[in-house]
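See below for query.csv, which holds CSV, C-alpha atoms and all ligand atoms.
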chain,number,residue,atom,x,y,z
C,9,MET,CA,66.8,175.0,96.9
C,10,LYS,CA,64.1,172.3,97.1
C,11,SER,CA,61.2,174.7,97.7
C,12,LEU,CA,60.7,178.4,97.6
C,13,ILE,CA,58.5,179.5,100.5
C,14,SER,CA,60.0,182.8,101.7
C,15,THR,CA,62.7,185.3,100.7
C,16,LYS,CA,63.8,185.5,104.3
C,17,ASN,CA,66.7,183.1,103.8
C,18,LEU,CA,67.4,183.7,100.2
C,19,ASP,CA,71.1,184.8,100.0
C,20,LYS,CA,72.6,187.0,97.4
C,21,LYS,CA,74.4,184.3,95.6
C,22,SER,CA,71.4,182.0,95.0
C,23,THR,CA,69.2,185.0,94.2
C,24,GLU,CA,71.7,186.3,91.6
C,25,LYS,CA,71.9,182.8,90.0
C,26,ILE,CA,68.1,182.8,89.5
C,27,LEU,CA,68.1,186.4,88.2
C,28,LYS,CA,70.9,185.6,85.8
C,29,GLN,CA,69.1,182.7,84.4
C,30,ALA,CA,65.9,184.8,84.1
C,31,GLN,CA,67.8,187.5,82.3
C,32,GLU,CA,69.2,184.9,79.8
C,33,LEU,CA,65.7,183.5,79.2
C,34,ALA,CA,64.4,187.0,78.7
C,35,SER,CA,67.1,187.5,76.1
C,36,GLY,CA,65.8,184.6,74.1
C,37,LYS,CA,67.8,181.7,75.4
C,38,GLU,CA,65.8,178.4,75.3
C,39,ILE,CA,66.3,176.1,78.3
C,40,LEU,CA,64.2,173.0,78.8
C,41,ALA,CA,63.9,170.9,82.0
C,42,ASN,CA,65.1,167.3,81.8
C,43,GLY,CA,62.6,164.5,81.5
C,44,LYS,CA,59.3,166.2,81.0
C,45,PRO,CA,58.5,167.0,84.7
C,46,THR,CA,55.0,167.7,86.0
C,47,VAL,CA,54.1,171.0,87.6
C,48,ALA,CA,50.8,171.2,89.6
C,49,SER,CA,49.1,174.5,90.0
C,50,LEU,CA,47.0,174.6,93.1
C,51,PHE,CA,45.3,178.0,93.6
C,52,TYR,CA,42.9,178.3,96.4
C,53,GLU,CA,42.5,182.1,95.8
C,54,ALA,CA,41.8,184.2,92.7
C,55,SER,CA,44.7,185.1,90.5
C,56,THR,CA,45.2,186.2,86.9
C,57,ARG,CA,48.8,187.1,86.4
C,58,THR,CA,50.6,184.9,88.9
C,59,ARG,CA,48.7,181.8,87.9
C,60,ALA,CA,49.0,182.4,84.1
C,61,SER,CA,52.6,183.4,84.6
C,62,PHE,CA,53.5,180.1,86.4
C,63,GLU,CA,51.5,178.0,84.0
C,64,ILE,CA,53.0,179.5,80.9
C,65,ALA,CA,56.5,179.4,82.5
C,66,ALA,CA,56.1,175.7,83.2
C,67,GLN,CA,55.0,175.0,79.6
C,68,LYS,CA,57.9,177.0,78.2
C,69,ILE,CA,60.4,174.9,80.0
C,70,GLY,CA,58.7,171.8,78.6
C,71,ALA,CA,56.9,170.6,81.7
C,72,ASN,CA,53.4,169.1,81.9
C,73,VAL,CA,51.1,171.4,83.8
C,74,ILE,CA,48.1,170.1,85.7
C,75,ASN,CA,45.6,172.6,87.0
C,76,LEU,CA,44.1,171.5,90.3
C,77,ASP,CA,41.2,173.9,90.7
C,78,PRO,CA,40.2,173.6,94.3
C,79,LYS,CA,36.6,174.5,93.4
C,80,LEU,CA,36.4,171.6,91.1
C,81,SER,CA,38.6,169.0,92.9
C,82,SER,CA,38.1,167.0,96.1
C,83,VAL,CA,39.2,170.0,98.1
C,84,ASN,CA,35.7,171.1,97.5
C,85,LYS,CA,34.5,167.9,99.2
C,86,GLY,CA,36.5,168.8,102.3
C,87,GLU,CA,39.9,167.2,101.5
C,88,SER,CA,42.6,168.6,103.7
C,89,LEU,CA,45.8,170.2,102.5
C,90,ASP,CA,47.7,167.2,103.9
C,91,ASP,CA,45.6,164.7,101.9
C,92,THR,CA,46.0,166.8,98.8
C,93,ALA,CA,49.7,166.6,99.3
C,94,LYS,CA,49.7,162.9,99.7
C,95,THR,CA,47.7,162.5,96.5
C,96,LEU,CA,50.1,164.7,94.6
C,97,ALA,CA,53.0,162.7,95.9
C,98,ASN,CA,51.4,159.4,94.7
C,99,LEU,CA,50.8,160.9,91.2
C,100,GLY,CA,54.5,161.7,90.6
C,101,VAL,CA,54.2,165.5,90.5
C,102,ASN,CA,57.5,167.3,90.6
C,103,ILE,CA,56.6,170.8,91.8
C,104,VAL,CA,53.4,172.2,93.4
C,105,VAL,CA,52.8,175.9,92.9
C,106,VAL,CA,50.4,176.9,95.7
C,107,ARG,CA,48.4,180.0,96.5
C,108,HIS,CA,46.3,180.0,99.6
C,109,PRO,CA,44.4,182.5,101.7
C,110,SER,CA,46.0,181.3,104.9
C,111,SER,CA,49.4,182.6,106.0
C,112,GLY,CA,51.7,179.6,106.5
C,113,ALA,CA,49.9,177.2,104.1
C,114,ALA,CA,52.8,176.9,101.7
C,115,LEU,CA,55.2,176.0,104.5
C,116,ARG,CA,52.6,173.5,105.8
C,117,LEU,CA,52.4,171.9,102.3
C,118,ALA,CA,56.2,171.8,102.1
C,119,LYS,CA,56.4,170.1,105.5
C,120,CYS,CA,53.8,167.5,104.4
C,121,LEU,CA,56.0,166.8,101.3
C,122,MET,CA,59.3,166.9,103.2
C,123,HIS,CA,60.1,163.2,102.7
C,124,THR,CA,59.3,163.3,98.9
C,125,GLN,CA,61.2,164.8,96.0
C,126,ILE,CA,58.4,167.3,95.4
C,127,GLY,CA,59.3,171.0,95.6
C,128,VAL,CA,56.8,173.6,96.7
C,129,ILE,CA,56.6,177.2,95.4
C,130,ASN,CA,54.7,179.7,97.4
C,131,ALA,CA,52.6,181.8,95.0
C,132,GLY,CA,51.2,183.9,97.8
C,133,ASP,CA,50.0,182.7,101.3
C,134,GLY,CA,47.6,185.0,103.0
C,135,MET,CA,49.3,188.1,104.4
C,136,ASN,CA,52.6,186.4,104.6
C,137,GLU,CA,54.8,186.1,101.5
C,138,HIS,CA,55.0,186.1,97.8
C,139,PRO,CA,58.6,185.3,97.0
C,140,THR,CA,58.5,185.1,93.2
C,141,GLN,CA,56.9,188.6,93.1
C,142,ALA,CA,59.9,189.9,95.1
C,143,LEU,CA,62.3,188.2,92.7
C,144,LEU,CA,60.7,189.7,89.6
C,145,ASP,CA,60.6,193.1,91.3
C,146,LEU,CA,64.3,192.8,92.1
C,147,LEU,CA,65.0,191.9,88.4
C,148,SER,CA,63.0,194.9,87.2
C,149,ILE,CA,64.9,197.2,89.6
C,150,LYS,CA,68.3,195.8,88.6
C,151,GLN,CA,67.5,196.1,84.9
C,152,GLU,CA,66.8,199.8,85.5
C,153,TYR,CA,69.4,200.7,88.0
C,154,GLY,CA,72.0,198.0,87.8
C,155,ASP,CA,72.4,197.8,91.5
C,156,VAL,CA,70.1,198.0,94.5
C,157,GLU,CA,72.7,198.8,97.2
C,158,ASN,CA,71.7,202.0,99.0
C,159,LYS,CA,68.8,202.7,96.7
C,160,LYS,CA,66.0,204.5,98.5
C,161,ILE,CA,62.7,202.7,98.1
C,162,ALA,CA,59.3,203.6,99.5
C,163,ILE,CA,56.6,200.9,99.7
C,164,VAL,CA,53.4,202.8,99.8
C,165,GLY,CA,50.0,201.6,100.9
C,166,ASP,CA,48.5,198.6,102.5
C,167,CYS,CA,51.6,197.0,103.9
C,168,LEU,CA,49.8,195.2,106.7
C,169,HIS,CA,47.9,192.9,104.3
C,170,SER,CA,50.5,192.7,101.6
C,171,ARG,CA,52.6,189.5,101.2
C,172,VAL,CA,54.3,191.4,98.4
C,173,ALA,CA,55.6,194.0,100.9
C,174,LYS,CA,57.0,191.4,103.2
C,175,SER,CA,58.8,189.3,100.6
C,176,ASN,CA,60.2,192.5,99.2
C,177,ILE,CA,61.4,193.8,102.5
C,178,TYR,CA,63.4,190.7,103.2
C,179,LEU,CA,64.9,190.5,99.7
C,180,LEU,CA,65.6,194.2,99.1
C,181,LYS,CA,67.3,194.5,102.5
C,182,THR,CA,69.5,191.5,101.6
C,183,PHE,CA,70.6,193.6,98.6
C,184,GLY,CA,71.3,196.7,100.7
C,185,ALA,CA,68.2,198.9,99.9
C,186,GLU,CA,67.0,201.5,102.3
C,187,ILE,CA,63.3,201.0,102.7
C,188,THR,CA,60.6,203.2,104.0
C,189,LEU,CA,57.0,202.0,104.4
C,190,LEU,CA,54.4,204.7,104.0
C,191,GLY,CA,50.6,204.6,104.5
C,192,PRO,CA,47.9,205.3,107.1
C,193,PRO,CA,48.8,204.0,110.6
C,194,PRO,CA,46.3,201.2,110.6
C,195,LEU,CA,47.8,199.8,107.4
C,196,VAL,CA,51.4,200.6,108.2
C,197,PRO,CA,51.8,200.1,112.0
C,198,GLU,CA,55.0,201.1,113.8
C,199,ALA,CA,55.7,197.4,114.5
C,200,PHE,CA,57.1,197.2,111.0
C,201,SER,CA,60.2,199.0,112.2
C,202,SER,CA,61.4,195.8,113.8
C,203,MET,CA,62.0,194.5,110.2
C,204,GLY,CA,64.7,197.1,109.8
C,205,VAL,CA,62.6,199.6,107.7
C,206,LYS,CA,61.5,203.2,108.4
C,207,VAL,CA,57.8,203.8,109.0
C,208,GLU,CA,56.2,207.0,107.7
C,209,HIS,CA,52.5,208.1,107.6
C,210,ASP,CA,52.6,211.5,105.9
C,211,PHE,CA,52.4,211.2,102.1
C,212,LYS,CA,53.6,214.8,101.7
C,213,LYS,CA,57.0,213.8,103.0
C,214,LEU,CA,57.6,211.5,100.1
C,215,SER,CA,58.9,214.1,97.6
C,216,ALA,CA,61.6,215.2,100.1
C,217,MET,CA,62.9,211.6,100.6
C,218,ASN,CA,65.3,211.5,97.6
C,219,LEU,CA,63.7,208.3,96.5
C,220,ASP,CA,64.8,206.1,93.6
C,221,LEU,CA,61.7,203.9,93.6
C,222,LEU,CA,58.1,203.8,94.7
C,223,MET,CA,56.5,200.5,95.1
C,224,ILE,CA,52.7,201.1,95.2
C,225,LEU,CA,50.5,198.4,96.7
C,226,ARG,CA,46.9,197.6,96.0
C,227,LEU,CA,44.4,198.5,98.7
C,228,GLN,CA,43.5,194.9,99.6
C,229,LYS,CA,39.9,195.3,100.6
C,230,GLU,CA,39.3,191.5,100.6
C,231,ARG,CA,41.7,191.2,103.6
C,232,GLN,CA,40.5,194.2,105.6
C,233,PHE,CA,38.0,192.8,108.1
C,234,SER,CA,37.5,195.7,110.4
C,235,GLY,CA,37.1,198.9,108.4
C,236,LEU,CA,40.7,200.0,108.9
C,237,ILE,CA,40.3,203.1,106.7
C,238,PRO,CA,37.3,205.4,106.5
C,239,SER,CA,36.7,205.2,102.8
C,240,THR,CA,38.5,204.5,99.5
C,241,ARG,CA,37.9,208.1,98.5
C,242,GLU,CA,39.7,209.4,101.5
C,243,TYR,CA,42.5,206.9,101.0
C,244,ARG,CA,42.9,208.1,97.4
C,245,ARG,CA,42.9,211.7,98.5
C,246,TYR,CA,45.7,211.3,101.1
C,247,TYR,CA,47.7,208.4,99.7
C,248,GLY,CA,46.9,208.1,96.0
C,249,LEU,CA,49.8,208.7,93.6
C,250,ASP,CA,49.3,210.9,90.6
C,251,GLU,CA,51.3,213.2,88.3
C,252,ASN,CA,51.3,216.0,90.9
C,253,PHE,CA,53.9,214.1,92.8
C,254,PHE,CA,56.4,214.6,90.0
C,255,ILE,CA,55.8,218.3,89.7
C,256,ASN,CA,57.7,219.0,92.9
C,257,LEU,CA,60.7,216.8,92.1
C,258,PRO,CA,63.9,218.1,90.6
C,259,LYS,CA,63.8,217.3,86.8
C,260,GLN,CA,67.0,215.2,86.8
C,261,ARG,CA,65.7,212.8,89.5
C,262,LYS,CA,65.0,209.4,88.1
C,263,ILE,CA,62.1,207.8,90.0
C,264,ARG,CA,60.5,204.6,88.8
C,265,ILE,CA,57.2,203.1,89.9
C,266,LEU,CA,56.4,199.5,90.6
C,267,HIS,CA,53.1,197.9,91.4
C,268,PRO,CA,52.5,194.1,91.6
C,269,GLY,CA,49.0,194.3,90.1
C,270,PRO,CA,46.1,194.0,90.0
C,271,VAL,CA,45.9,197.8,89.9
C,272,ASN,CA,42.9,199.7,91.3
C,273,ARG,CA,43.3,202.4,88.7
C,274,GLY,CA,42.4,205.8,90.1
C,275,ILE,CA,42.7,204.7,93.7
C,276,GLU,CA,46.2,203.9,94.8
C,277,ILE,CA,47.6,205.2,91.5
C,278,SER,CA,46.2,207.3,88.7
C,279,GLU,CA,45.2,205.9,85.4
C,280,ASP,CA,47.8,207.8,83.4
C,281,LEU,CA,50.8,206.8,85.6
C,282,VAL,CA,50.1,203.1,85.2
C,283,ASP,CA,50.7,203.3,81.4
C,284,ASN,CA,53.4,206.0,81.4
C,285,GLU,CA,56.4,203.9,80.6
C,286,THR,CA,58.9,206.7,81.2
C,287,VAL,CA,58.2,206.2,84.9
C,288,SER,CA,56.2,203.0,85.3
C,289,LEU,CA,57.8,199.6,85.3
C,290,ILE,CA,54.4,197.9,85.8
C,291,HIS,CA,54.2,196.2,82.4
C,292,LYS,CA,57.8,195.2,82.5
C,293,GLN,CA,57.2,193.5,85.9
C,294,VAL,CA,54.6,191.3,84.3
C,295,SER,CA,56.9,190.1,81.5
C,296,ASN,CA,59.8,189.7,84.0
C,297,GLY,CA,57.5,187.5,86.1
C,298,LEU,CA,57.4,184.9,83.4
C,299,TYR,CA,61.2,184.6,83.1
C,300,VAL,CA,61.8,184.7,86.8
C,301,ARG,CA,59.2,181.8,87.3
C,302,MET,CA,60.8,179.8,84.5
C,303,ALA,CA,64.2,180.3,86.3
C,304,VAL,CA,62.8,179.3,89.7
C,305,LEU,CA,61.1,176.2,88.3
C,306,LEU,CA,64.4,175.2,86.5
C,307,GLU,CA,66.4,175.8,89.7
C,308,ILE,CA,64.1,173.6,91.8
C,309,LEU,CA,63.8,170.9,89.2
C,310,GLY,CA,67.6,170.8,88.8
C,311,ASN,CA,68.0,170.4,92.6
C,312,ASN,CA,65.3,167.8,93.2
C,313,LYS,CA,66.6,165.1,90.8
C,401,LIG,C1,49.6,190.3,94.5
C,401,LIG,C2,49.1,189.2,95.4
C,401,LIG,O1,48.2,188.5,95.0
C,401,LIG,O2,49.6,189.1,96.5
C,401,LIG,N1,49.3,190.2,93.2
C,401,LIG,C3,49.9,189.3,92.4
C,401,LIG,O3,50.4,188.4,92.8
C,401,LIG,N2,49.8,189.6,91.1
C,401,LIG,C4,49.3,191.6,95.0
C,401,LIG,C5,47.8,192.0,95.3
C,401,LIG,O4,47.0,191.1,95.3
C,401,LIG,O5,47.6,193.2,95.5
Take the structure in the file and give it back as structure tokens.
Amino acid sequence: MKSLISTKNLDKKSTEKILKQAQELASGKEILANGKPTVASLFYEASTRTRASFEIAAQKIGANVINLDPKLSSVNKGESLDDTAKTLANLGVNIVVVRHPSSGAALRLAKCLMHTQIGVINAGDGMNEHPTQALLDLLSIKQEYGDVENKKIAIVGDCLHSRVAKSNIYLLKTFGAEITLLGPPPLVPEAFSSMGVKVEHDFKKLSAMNLDLLMILRLQKERQFSGLIPSTREYRRYYGLDENFFINLPKQRKIRILHPGPVNRGIEISEDLVDNETVSLIHKQVSNGLYVRMAVLLEILGNNK
């Protein structure tokens, strides 16, 4: 693996290798990268946890981290992604972690850097993919259930605009999960069924689905250009998850909740559920994110010698 752009072609073996290393790191094993490599963090979009997670991960494996804030760098003066890539190549950077509002930007950067030793990690490109989020979600699920094969997972909410949903669909399907996408038709169009998932619009059907996991997505208002839903209040009323959902479930059913963050508390998920650690894996996801990113950085650095 020279770069990590998508989970589409990640096979079970290479994924398990990364997760195993992440698990070892989580258990306290210290692993340092050879030769003090340099990781550049290039975020064209707002981010708290992903950016912090990558930067801390890079520091923990002993890398130098340079933070290229597009607002403060020459990008602000109109420099193209291609020219930024050339600059990074000339500076001897080993890995670029990129987040960009345009779908396809990470692949574009990787293509620009094809003839160099520099690896690219996609930290979220537009509505397209967010592979390390899917890897950390998979680790969180495996820690809880051991295996993903035949697990019933519903991804609830704004699937259309969610790169988290897409990367998770590819990866969870590789691991044999049964996936249903649920949300209002404009945010979960029927076309998703071509990805091998079920599409459902009626929230009331969730409790009868025999689910193991609910992955709740943020309502991504910044990406909704055309008023796809009437109002946040209405969305919350019909698709917001709260304690009532659990009342109708058989007591012995073990359902866990994932959410990639940032959470709109009280909109897609109730305040109480977020912090209820008997059902919510949300805080665990954040800590797993750090170890998964350390493992991905180490894997790429190991291959790009
Ligand atoms: C996600 C993202 O940016 O795609 N968040 C994240 O990486 N922590 C999900 C989201 O923005 O809703």
(message) Please determine, counting only C-alpha atoms, which residue among C:Leu221, C:Ile308, C:Met122, C:Ile74 has the shortest atom-to-atom distance to Arg59 of chain C.
(response) C:Ile74
(request) Would you mind listing the residues within 10 Å of ligand LIG 401 (chain C), counting all atoms listed in the file, as an MDAnalysis selection string? (result) chainID C and resid 53:59 61 107:109 131:142 166 169:173 224:231 267:272 293:294 297
(message) I'd like the contact shell of Thr182 of chain C - 9 Å cut-off, only C-alpha atoms, skipping same-chain residues fewer than 4 positions apart - returned as a count of residues only.
(response) 6
(request) Counting all atoms listed in the file, find the residues whose atoms lie at most 9 Å from (66.2, 202.1, 97.9) (file coordinates) and write them out as a PyMOL selection string. (result) chain C and resi 156-162+180-181+184-188+219-222
(request) Might you pull out every residue within 12 Å of segment 27-35 of chain C, with only C-alpha atoms counted and same-chain residues fewer than 2 positions away left off, and present them as a PyMOL selection string? (result) chain C and resi 20-25+37-40+65+68-69+140+142-151+292+295-307
(message) Calculated over only C-alpha atoms, which of the candidates C:Ile275, C:Ala199, C:Val106, C:Val207 has the smallest distance to Ser11 of chain C?
(response)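 Smallest separation from Ser11 of chain C among the options: C:Val106.
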(request) Could you check how far atom CA of Ile265 of chain C sits from atom CA of Ser201 of chain C, in Å to one decimal? (result) 22.9 Å
(request) Compile the contact shell of segment 89-98 of chain C as a ChimeraX atom specification: residues with an atom at most 9 Å away, counting all atoms listed in the file, same-chain residues fewer than 4 positions apart removed. (result) /C:48,82-83,102,104,113,116-118,120-121,124-126
(message) One decimal, in Å: what's the spacing between atom CA of Val105 of chain C and atom CA of Met223 of chain C?
(response)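 Computing it gives 25.0 Å between the two atoms.
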Mind working out the centre and edge lengths of an axis-aligned box for segment 115-126 of chain C, all listed atoms inside, 4 Å added to each side, rounded to one decimal in Å and written as lines of an AutoDock Vina configuration file?
center_x = 56.8
center_y = 169.6
center_z = 100.6
size_x = 16.8
size_y = 20.8
size_z = 18.4
(message) Report, in Å with one decimal, the straight-line distance from atom CA of Val101 of chain C to atom CA of Pro45 of chain C.
(response) 7.4 Å
(request) Rank C:Gly248, C:Gly235, C:Gly36, C:Gly127 by their smallest atom-to-atom distance to Gly165 of chain C, using all atoms listed in the file, and report the top residue only. (result)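 For Gly165 of chain C, the nearest of the candidates is C:Gly248.
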(request) In the coordinate frame of the file, compute which residues have an atom within 9 Å of (62.7, 218.0, 98.4) when using all atoms listed in the file, and state them as a list in words. (result)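 Result, sorted by chain then residue number: Lys213, Leu214, Ser215, Ala216, Met217, Asn218, Asn256, Leu257 and Pro258 of chain C.
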(request) Would you mind telling me which residue in C:Leu50, C:Leu236, C:Ile103, C:Met9 lies nearest to Asn72 of chain C when using only C-alpha atoms? (result)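 Answer, going by the shortest atom-to-atom distance: C:Ile103.
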Is it possible to add N, CA and C atoms to segment 180-202 of chain C and hand it back as a PDB file, in the coordinates of the input?
ATOM      1  N   LEU C 180      64.946 192.902  99.392  1.00  0.00           N
ATOM      2  CA  LEU C 180      65.600 194.200  99.100  1.00  0.00           C
ATOM      3  C   LEU C 180      66.601 194.565 100.159  1.00  0.00           C
ATOM      4  N   LYS C 181      66.306 194.175 101.384  1.00  0.00           N
ATOM      5  CA  LYS C 181      67.300 194.500 102.500  1.00  0.00           C
ATOM      6  C   LYS C 181      68.538 193.609 102.301  1.00  0.00           C
ATOM      7  N   THR C 182      68.363 192.367 101.877  1.00  0.00           N
ATOM      8  CA  THR C 182      69.500 191.500 101.600  1.00  0.00           C
ATOM      9  C   THR C 182      70.439 192.191 100.568  1.00  0.00           C
ATOM     10  N   PHE C 183      69.822 192.913  99.639  1.00  0.00           N
ATOM     11  CA  PHE C 183      70.600 193.600  98.600  1.00  0.00           C
ATOM     12  C   PHE C 183      70.946 195.027  98.928  1.00  0.00           C
ATOM     13  N   GLY C 184      70.742 195.401 100.178  1.00  0.00           N
ATOM     14  CA  GLY C 184      71.300 196.700 100.700  1.00  0.00           C
ATOM     15  C   GLY C 184      70.396 197.909 100.391  1.00  0.00           C
ATOM     16  N   ALA C 185      69.105 197.704 100.085  1.00  0.00           N
ATOM     17  CA  ALA C 185      68.200 198.900  99.900  1.00  0.00           C
ATOM     18  C   ALA C 185      67.853 199.522 101.184  1.00  0.00           C
ATOM     19  N   GLU C 186      67.558 200.839 101.110  1.00  0.00           N
ATOM     20  CA  GLU C 186      67.000 201.500 102.300  1.00  0.00           C
ATOM     21  C   GLU C 186      65.509 201.650 102.084  1.00  0.00           C
ATOM     22  N   ILE C 187      64.744 201.063 102.978  1.00  0.00           N
ATOM     23  CA  ILE C 187      63.300 201.000 102.700  1.00  0.00           C
ATOM     24  C   ILE C 187      62.491 201.794 103.732  1.00  0.00           C
ATOM     25  N   THR C 188      61.528 202.553 103.185  1.00  0.00           N
ATOM     26  CA  THR C 188      60.600 203.200 104.000  1.00  0.00           C
ATOM     27  C   THR C 188      59.167 202.719 103.662  1.00  0.00           C
ATOM     28  N   LEU C 189      58.380 202.386 104.666  1.00  0.00           N
ATOM     29  CA  LEU C 189      57.000 202.000 104.400  1.00  0.00           C
ATOM     30  C   LEU C 189      56.136 203.219 104.695  1.00  0.00           C
ATOM     31  N   LEU C 190      55.217 203.522 103.795  1.00  0.00           N
ATOM     32  CA  LEU C 190      54.400 204.700 104.000  1.00  0.00           C
ATOM     33  C   LEU C 190      52.912 204.383 103.754  1.00  0.00           C
ATOM     34  N   GLY C 191      52.087 204.823 104.679  1.00  0.00           N
ATOM     35  CA  GLY C 191      50.600 204.600 104.500  1.00  0.00           C
ATOM     36  C   GLY C 191      49.966 205.009 105.832  1.00  0.00           C
ATOM     37  N   PRO C 192      48.639 204.935 105.863  1.00  0.00           N
ATOM     38  CA  PRO C 192      47.900 205.300 107.100  1.00  0.00           C
ATOM     39  C   PRO C 192      48.298 204.346 108.246  1.00  0.00           C
ATOM     40  N   PRO C 193      48.358 204.859 109.478  1.00  0.00           N
ATOM     41  CA  PRO C 193      48.800 204.000 110.600  1.00  0.00           C
ATOM     42  C   PRO C 193      48.148 202.649 110.712  1.00  0.00           C
ATOM     43  N   PRO C 194      46.850 202.508 110.454  1.00  0.00           N
ATOM     44  CA  PRO C 194      46.300 201.200 110.600  1.00  0.00           C
ATOM     45  C   PRO C 194      46.847 200.169 109.571  1.00  0.00           C
ATOM     46  N   LEU C 195      47.305 200.689 108.429  1.00  0.00           N
ATOM     47  CA  LEU C 195      47.800 199.800 107.400  1.00  0.00           C
ATOM     48  C   LEU C 195      49.356 199.702 107.406  1.00  0.00           C
ATOM     49  N   VAL C 196      49.980 200.656 108.093  1.00  0.00           N
ATOM     50  CA  VAL C 196      51.400 200.600 108.200  1.00  0.00           C
ATOM     51  C   VAL C 196      51.795 200.864 109.719  1.00  0.00           C
ATOM     52  N   PRO C 197      51.535 199.880 110.564  1.00  0.00           N
ATOM     53  CA  PRO C 197      51.800 200.100 112.000  1.00  0.00           C
ATOM     54  C   PRO C 197      53.296 200.188 112.301  1.00  0.00           C
ATOM     55  N   GLU C 198      53.583 200.889 113.400  1.00  0.00           N
ATOM     56  CA  GLU C 198      55.000 201.100 113.800  1.00  0.00           C
ATOM     57  C   GLU C 198      55.753 199.807 113.958  1.00  0.00           C
ATOM     58  N   ALA C 199      55.033 198.718 114.284  1.00  0.00           N
ATOM     59  CA  ALA C 199      55.700 197.400 114.500  1.00  0.00           C
ATOM     60  C   ALA C 199      56.587 197.003 113.351  1.00  0.00           C
ATOM     61  N   PHE C 200      56.313 197.529 112.154  1.00  0.00           N
ATOM     62  CA  PHE C 200      57.100 197.200 111.000  1.00  0.00           C
ATOM     63  C   PHE C 200      58.591 197.585 111.172  1.00  0.00           C
ATOM     64  N   SER C 201      58.839 198.575 112.027  1.00  0.00           N
ATOM     65  CA  SER C 201      60.200 199.000 112.200  1.00  0.00           C
ATOM     66  C   SER C 201      61.145 197.927 112.690  1.00  0.00           C
ATOM     67  N   SER C 202      60.553 196.916 113.334  1.00  0.00           N
ATOM     68  CA  SER C 202      61.400 195.800 113.800  1.00  0.00           C
ATOM     69  C   SER C 202      61.950 194.991 112.628  1.00  0.00           C
TER      70      SER C 202
END
